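In what follows, a single structure is set out as C-alpha cells and then discussed.
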Amino acid sequence: MAKIVMDDIQKVYPDGTQAIFDLSLEVDDGEFVILVGPSGCGKSTALRMVAGLEEISGGKMYIGDKVVNDLSPKERDIAMVFQSYALYPHMSVADNMGFALKLAKVDKSEIERRVKEASDILGLNEYLHRKPKALSGGQRQRVAMGRAIVRSPQAFLMDEPLSNLDAKLRVQMRAEIAALQNRLGVTTMYVTHDQIEAMTMGDRVAVLQAGRLKQVDSPQQLYDRPDNLFVAGFIGSPSMNIATGKVLKEDGKVYLELDRGETKLEVPDEALDRYPKAADLDGAEVAIGIRPEHYGPPNEVAPGQVWKNRNVELVEMLGSEMLVHFRTESAPIVTEDMRAAIDDDEMFEEIKKQAESGGQTFTARFEPDNPPKVDSKIDIGVKTEFLHLFDAENGLALR
Amino acid sequence: MTTQPTPPAADTVEEAKQKEPSALSKAIKGDPDDRTGAGWFVKGMLLIISALWLVPTVGLLVSSFRTQAAVNSSGWWTAFFNPAEFTVQNYGEVLQQSVGGSTLAEAFINSIVVAVPATIIPITAAAFAAYAFSWMEFKGRETLFIVFVVLLVIPLQVAFIPIVNLYSTLGIQGTFLGLWLAHAGFGMPLAVYLLRNYIGSLPREVIESARVDGASHFTTFVRLILPLSVPALAAFAIFQFLWTWNDYLVALILLDTARLGQVSTTYLAGMIGTFGARQHLLSAGAFITILVPLAVFFSLQRFFIRGLTAGSVKG
C-alpha cells in the first residue's frame with residue numbers, strides 16, 4: 001500500500017488536444033478518493049495515467065516514493081477494476097483471480113490460498129469453477145473485485161465499476177465496496193459520474209471539469225462549501241438553484257436584489273461569514289446559489305427572508321417530500337461551466353431559452369403537506385443563512 | 001417432443017387470435033415455439049441450395065461405384081435403375097495404380113505433408129502479425145497494414161518466375177520447404193486481414209486488464225489472444241487447408257514430383273493422362289481425396305460458432 005501523488009500532471013494527445021491540465025492531487029495511504037465529473041471531463045484518463053495505460057505528457061506521478069511516469073502497468077503494482085469487468089472469458093473464476101499471481105510466479109499453494117481468501121470475502125466460493133459467462137452481473141463484478149484483492153497491490157484503481165449493474169444491485173455493491181476498502185485499507189482511486197457514489201463512498205472527492213481539477217474535499221464540505229459555480233451546480237440532486245442578482249448595502253445590512261429589483265432578501269451574518277467578500281460589494285452582479293432544501297414556509301423565517309408572490313409552475317409529490325417549481329425573473333448563468341455542471345445538453349438548451357426570457361424556474365423542496373395549486377401565487381421562505389455567493393464573472397466563491 | 005406447449009391463457013378468443021403471428025412472419029421468422037428460429041420459407045430455400053450443391057458430389061460418388069462400361073455409356077443417375085452395375089472394383093484398382101512414380105496412397109501422404117505445414121506456418125505468423133497490428137503501437141502501423149491488404153489482389157501467377165529464380169539461388173526449388181513457404185506467403189495477406197479484424201475486435205479492456213495483471217505482449221498473446229481467437233483461427237485454417245490440399249498449379253511448378261512423388265491433385269491429373277478419360281477410376285480417386293477436406297471441415301466447424309467471448313464484458 002502506498003500513497004499516490006500527482007504533481008502537475010498534463011495529458012496532451014498526439015493531435016494536440018489537451019485532456020488534463022495541471023492536475024495535482026495527493027491520495028494518502030489507505031485513502032479512498034473518488035474522481036467525479038461530467039462525461040468527457042478527463043477523469044478516466046487521469047485514472048488510466050495512474051495505471052500506466054495512458055502515457056503521461058507532463059508532470060510527475062508517484063506511487064509510494066517512486067516516480068512511475070515511465071513504468072509499465074506491471075511495474076507499478078496496481079490493480080484495476082474496469083467498467084466492463086474485463087474478465088478473461090475462457091478462464092474459470094479461480095483462474096481469473098489467480099492470473100496475475102500466476103504471471104508473477106507465485107507458488108501454486110499460495111495462489112490457491114489467496115484466491116480462497118478473496119472468494120471467502122466476496123462470497124464466490126461456489127462459483128470458483130464457473131466461467132464468467134455463467135455468472136450474473138453482480139457476480140462478475142465481484143470476480144473483478146476479487147481479481148484486484150488477491151494481488152494485495154499498492155493501490156486499487158476502479159473505473160466506473162458499478163455502472164453496468166441494475167439500480168438495486170448498485171446500491172448493494174456500493175456499500176460492499178466501501179466496506180471492503182475500509183477493511184483492507186488499500187489506497188483506492190475510484191472514477192464515477194454518479195453523484196451518489198461520489199458522495200457516499202469516498203473519504204474525499206475530486207471534482208474534475210474539462211480536464212481541470214475544480215475542488216477536492218470531503219463529500220460534505222463539497223456540498224456545503226463549493227469553491228466555484230461548477231461544483232455548486234454539479235454536486236447535489238436536484239441541483240442548486242443558481243441565478244444572477246445584485247448585492248446591495250442599506251443601513252449596515254446586506255441585501256440581495258432578485259427578480260430585477262422586485263425582490264429583496266436579507267443576507268444574515270452567517271452567510272457573510274462564509275462569503276466575506278460579498279460584504280465588500282455594493283451594487284455588483286453576483287451569482288446566487290440556493291439549494292432546494294433551503295426553502296421553507298414563510299412563517300419559519302425572518303420577514304426579510306420571504307420571497308413573495310412566486311408563480312407555481314409545477315408540483316411534484318414524491319411521498320417523503322414535495323418539489324415545487326416556481327418562477328423567478330432572475331436570469332440564469334449561461335456559461336460553459338454551467339453546461340458542464342448540468343451535464344445534459346437538452347436541459348441546458350432549455351435553460352438558455354429561459355434565459356432569453358430573462359427568468360428561469362427554481363426548485364424548492366418542502367414537507368409534503370398543503371401542496372400549492374399550479375399557477376397560484378405563493379410566498380416562500382428562504383433560509384438565506386445557507387446561501388451561496390459566487391463571482392458572476394469567473395464563477396469563484398466570494399471568500 | 002410429442003407434447004405441444006399449452007398456449008398462454010387469453011381472456012377472449014379475439015385476443016388469442018391477435019397474439020398469433022401472421023403467416024408471413026411465421027414463414028420467415030419461424031414459429032416462436034420452434035427453437036431453430038427459422039421459418040419454412042428460409043428452411044426450404046436452404047434445403048434447395050444444399051441439394052443443388054450436393055448433386056455433383058453425389059454424382060461423383062455414384063460414378064465411382066459403377067463399372068467402366070456403365071460410366072462410359074450412360075449418366076450416373078441411370079445407375080439407380082440398374083443396381084446390378086454397382087461395383088467396388090474401381091477403388092481397389094485405383095489404389096494399386098501408379099501414376100508418375102507414386103501410388104495414390106503415397107500421393108495422399110504427400111498432400112498431407114504439403115498441406116499441414118502450409119496451413120500452420122501462415123496461421124502462426126499471421127496471428128502474431130494480427131496482434132501487433134491491433135494492439136501494439138508502432139510507427140507506420142496503418143500503412144504497413146494497408147500494404148498487406150493490398151497484396152490480396154496480386155495474382156499468384158505473376159510471382160512464379162521471380163519465386164523460381166529465388167528458390168534456385170537458395171537451392172530450395174522443388175523442395176517441400178519451398179512449397180510450404182510459397183503457400184504461406186500467398187495465404188498470408190488474407191490470414192493477416194481476417195485475423196486482425198477478429199483480434200482487433202476483442203474487448204480492449206480485457207487486454208488492458210491483462211497488462212495491469214502483469215502480462216507482457218507475448219504472454220497476452222499466448223494466454224489470452226490465442227484461446228479467444230480459436231473461431232477465427234479455425235475459420236482461416238479451413239480455408240487455407242482446403243486451398244493447399246486442392247492446389248494443383250503451385251505444386252506443379254514448385255514441387256519436384258519426379259523426385260519427391262506426386263501430390264493427390266497431380267496424381268489425379270496424371271491418371272487421366274496415363275489412362276485416357278477413365279472416369280470410373282478418376283471418380284474413385286477423386287472421392288478418396290475429398291475425404292480429408294471433409295474430415296477437416298467437420299472437425300473444425302464447431303469452432304465456427306463465435307460465442308467464445310460471451311461473458312467477458314457487460315452484465
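Residues in the C-alpha cells are named by chain (A, B, ... in the order shown) and by number from 1 within that chain; ligands are numbered from 1 in the order shown.
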
Can you list, as number ranges by chain, every protein, DNA or RNA residue that comes within 9 Å of stretch 233-248 of chain B when you count only C-alpha atoms, leaving out same-chain residues fewer than 3 positions away? B: 111-112, 114-116, 118-120, 122-123, 127, 183-184, 187, 190-191, 194-195, 226, 229-230, 251-253, 263-266, 269, 289, 292-293, 296-297, 300-301, 303-304

Just the selected residues (C-alpha atoms), exported as a PDB file, in the first residue's frame, please.
```pdb
ATOM      1  CA  SER B 111      -0.587 -33.952 -49.929  1.00  0.00           C
ATOM      2  CA  ILE B 112      -0.755 -34.059 -46.162  1.00  0.00           C
ATOM      3  CA  VAL B 114       2.323 -30.234 -48.110  1.00  0.00           C
ATOM      4  CA  ALA B 115      -0.964 -29.009 -46.667  1.00  0.00           C
ATOM      5  CA  VAL B 116      -0.376 -29.283 -42.915  1.00  0.00           C
ATOM      6  CA  ALA B 118       1.386 -24.842 -45.387  1.00  0.00           C
ATOM      7  CA  THR B 119      -1.562 -24.199 -43.078  1.00  0.00           C
ATOM      8  CA  ILE B 120       0.257 -23.958 -39.763  1.00  0.00           C
ATOM      9  CA  PRO B 122       0.886 -18.772 -42.208  1.00  0.00           C
ATOM     10  CA  ILE B 123      -1.586 -19.045 -39.320  1.00  0.00           C
ATOM     11  CA  ALA B 127      -1.709 -14.391 -35.709  1.00  0.00           C
ATOM     12  CA  HIS B 183       1.720 -21.334 -49.815  1.00  0.00           C
ATOM     13  CA  ALA B 184       2.411 -19.474 -46.582  1.00  0.00           C
ATOM     14  CA  GLY B 187      -2.079 -17.214 -47.781  1.00  0.00           C
ATOM     15  CA  LEU B 190      -5.873 -12.951 -46.248  1.00  0.00           C
ATOM     16  CA  ALA B 191      -4.821 -14.511 -42.947  1.00  0.00           C
ATOM     17  CA  LEU B 194      -9.069 -11.863 -41.293  1.00  0.00           C
ATOM     18  CA  LEU B 195      -7.243 -12.319 -38.022  1.00  0.00           C
ATOM     19  CA  LEU B 226      -4.875 -17.313 -28.951  1.00  0.00           C
ATOM     20  CA  SER B 229      -9.299 -16.315 -31.339  1.00  0.00           C
ATOM     21  CA  VAL B 230      -9.940 -20.025 -31.881  1.00  0.00           C
ATOM     22  CA  ALA B 251       2.610 -27.829 -56.636  1.00  0.00           C
ATOM     23  CA  LEU B 252       3.124 -28.457 -60.348  1.00  0.00           C
ATOM     24  CA  ILE B 253       5.591 -25.598 -60.634  1.00  0.00           C
ATOM     25  CA  VAL B 263       0.522 -34.923 -54.526  1.00  0.00           C
ATOM     26  CA  SER B 264      -3.074 -36.053 -54.908  1.00  0.00           C
ATOM     27  CA  THR B 265      -4.044 -33.346 -57.405  1.00  0.00           C
ATOM     28  CA  THR B 266      -1.123 -34.030 -59.727  1.00  0.00           C
ATOM     29  CA  ALA B 269      -4.309 -35.200 -63.362  1.00  0.00           C
ATOM     30  CA  THR B 289      -9.104 -37.253 -51.867  1.00  0.00           C
ATOM     31  CA  VAL B 292      -9.609 -35.350 -45.964  1.00  0.00           C
ATOM     32  CA  PRO B 293     -11.089 -31.895 -46.577  1.00  0.00           C
ATOM     33  CA  VAL B 296     -11.065 -31.249 -41.623  1.00  0.00           C
ATOM     34  CA  PHE B 297     -14.228 -29.255 -42.120  1.00  0.00           C
ATOM     35  CA  LEU B 300     -13.245 -27.718 -37.080  1.00  0.00           C
ATOM     36  CA  GLN B 301     -16.707 -26.441 -37.875  1.00  0.00           C
ATOM     37  CA  PHE B 303     -15.242 -23.643 -33.628  1.00  0.00           C
ATOM     38  CA  PHE B 304     -17.062 -21.513 -36.141  1.00  0.00           C
TER      39      PHE B 304
END
```

Exercise: B:Ala159 partners within 12 Å, only C-alpha atoms, chain neighbours under 6 positions left out, as a PyMOL selection string: chain B and resi 151+165-167+182-183+185-186+250+253-254

Nearest to B:Ala129 by atom-to-atom distance, counting only C-alpha atoms, from B:Ala232, B:Leu294, B:Ala51, B:Val192: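 Selected residue with least distance to B:Ala129: B:Val192.
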
Based on DSSP run over this structure's backbone, return all residues of stretch 87-300 of chain B in strand (DSSP E), as a VMD selection string. chain B and resid 98 to 99 102 to 103

Smallest atom-to-atom distance to chain A: which of B:Pro227, B:Thr257, B:Gln262, B:His280, using only C-alpha atoms? B:Pro227
